[in-house]
Amino acid sequence: MKYAIALTVLLLAGCAQLDPNADPLVVRAEQTQQIAFDTFNTFLQLENQNRELYRQVLPDVHTVAEWLRAPVVQADGKKLQRGLSILKSFDRVKMAYKYNRTADNKANLTTALATLETTLTEVQQQLNSIKGTP
Amino acid sequence: MSTEEIAKLLPSVMQAVLSLLDYIAKVRAAAIQNKEWTPEQEQTYQDLLTKASIDPAWQPDQPS
């Protein structure tokens, strides 16, 4: 199933033409951050429906869910769930590049994108492992 | 598994299937937009993050 989803995304993304005024890095960053939020959110909604069950039967799934939920301190001193903090930090890096397209900002966004994609892959794996359970 | 047991599981299975279909639809929509976000789309995304921060599914376990 995950390969079907990935293939569909690739086909659809490949078929659609890139806006000539768009920066491919920004487009990819925005697609990734939207997919990452949808994935994190879907995973946590499903895990939350049977949180106790997953804690006992699939502890790895629950551990990843709690890792995303754990509060972390932001740059402004406020606490936010780690999954949301990751997405907000990524968005700040993207906006920095979007409005000031320097080589440094591009490198920062490229690095942040790779990190976000790694986290996304991990959560997608956990999401796949809970899809087959009630 | 008895019919009663299956009936009990059905709502959560249906919910999982619906969530998955919704997820696929969102992934598809994100993939086909090959242009940069407008300020309105950026604000919509920020609103999603803010809304999620108070969603019960995003709250960590309470220490027992």
# chains A, B, ... in the order shown; residues from 1 in each chain; ligands from 1
>>> select_by_dssp(residues="chain A", states="strand (DSSP E or B)", output="list in words")
Pro71, Val72, Val73, Lys79, Leu80 and Gln81 of chain A
>>> interface_residues(of="chain A", to="chain B", cutoff="7 Å", atoms="only C-alpha atoms", output="PyMOL selection string")
chain A and resi 9+12-13+16-19+22+26-27+31+34-35+38+42+44-46+48+66+69-70+81+84+134
>>> atom_distance(atom1="atom CA of A:Thr119", atom2="atom CA of B:Thr38")
25.8 Å
>>> closest_residue(among="A:Lys88, A:Lys106, A:Arg28, A:Arg101", to="B:Asp47", atoms="only C-alpha atoms")
A:Lys88
>>> residues_around(residues="A:Glu47", least_positions_apart="4", cutoff="10 Å", atoms="only C-alpha atoms", output="count of residues only")
18
>>> atom_distance(atom1="atom CA of A:Asp91", atom2="atom CA of A:Glu122")
19.8 Å
>>> select_by_dssp(residues="chain A", states="helix (DSSP H, G or I)", output="VMD selection string")
chain A and resid 2 to 15 24 to 49 51 to 57 59 to 69 82 to 99 103 to 131
>>> residues_around(residues="A:Ala29", least_positions_apart="6", cutoff="10 Å", atoms="only C-alpha atoms", output="JSON, numbers by chain")
{"A": [23, 35, 90, 91, 93, 94, 109, 110, 112, 113, 114, 116, 117], "B": [36]}
>>> write_last_selection(atoms="N, CA and C atoms", output="tab-separated table (two decimals), in the first residue's frame")
chain	number	residue	atom	x	y	z
A	23	ASP	N	10.32	28.45	-7.50
A	23	ASP	CA	11.63	27.88	-7.19
A	23	ASP	C	11.40	26.41	-6.82
A	35	ILE	N	2.89	17.40	3.51
A	35	ILE	CA	2.79	15.94	3.65
A	35	ILE	C	3.22	15.51	5.05
A	90	PHE	N	11.20	24.28	10.49
A	90	PHE	CA	11.41	24.09	9.06
A	90	PHE	C	10.79	25.26	8.29
A	91	ASP	N	9.61	25.65	8.70
A	91	ASP	CA	8.93	26.76	8.00
A	91	ASP	C	9.74	28.05	8.10
A	93	VAL	N	12.99	28.31	8.34
A	93	VAL	CA	14.14	28.18	7.42
A	93	VAL	C	13.68	28.40	5.98
A	94	LYS	N	12.50	27.85	5.66
A	94	LYS	CA	11.96	28.01	4.30
A	94	LYS	C	11.66	29.48	4.01
A	109	LEU	N	18.15	25.43	3.94
A	109	LEU	CA	16.87	24.80	3.60
A	109	LEU	C	17.08	23.39	3.07
A	110	THR	N	18.13	23.19	2.28
A	110	THR	CA	18.42	21.85	1.74
A	110	THR	C	18.70	20.87	2.89
A	112	ALA	N	17.72	21.24	6.07
A	112	ALA	CA	16.49	21.08	6.86
A	112	ALA	C	15.52	20.13	6.14
A	113	LEU	N	15.49	20.22	4.82
A	113	LEU	CA	14.60	19.35	4.04
A	113	LEU	C	15.00	17.88	4.19
A	114	ALA	N	16.30	17.63	4.15
A	114	ALA	CA	16.78	16.25	4.31
A	114	ALA	C	16.41	15.72	5.70
A	116	LEU	N	13.90	16.75	7.64
A	116	LEU	CA	12.45	16.56	7.73
A	116	LEU	C	12.03	15.28	6.99
A	117	GLU	N	12.65	15.04	5.84
A	117	GLU	CA	12.32	13.82	5.08
A	117	GLU	C	12.67	12.56	5.86
B	36	GLU	N	4.60	27.79	-5.71
B	36	GLU	CA	4.84	28.21	-4.33
B	36	GLU	C	3.55	28.65	-3.66
>>> atom_distance(atom1="atom CA of A:Val72", atom2="atom CA of B:Gln62")
15.7 Å
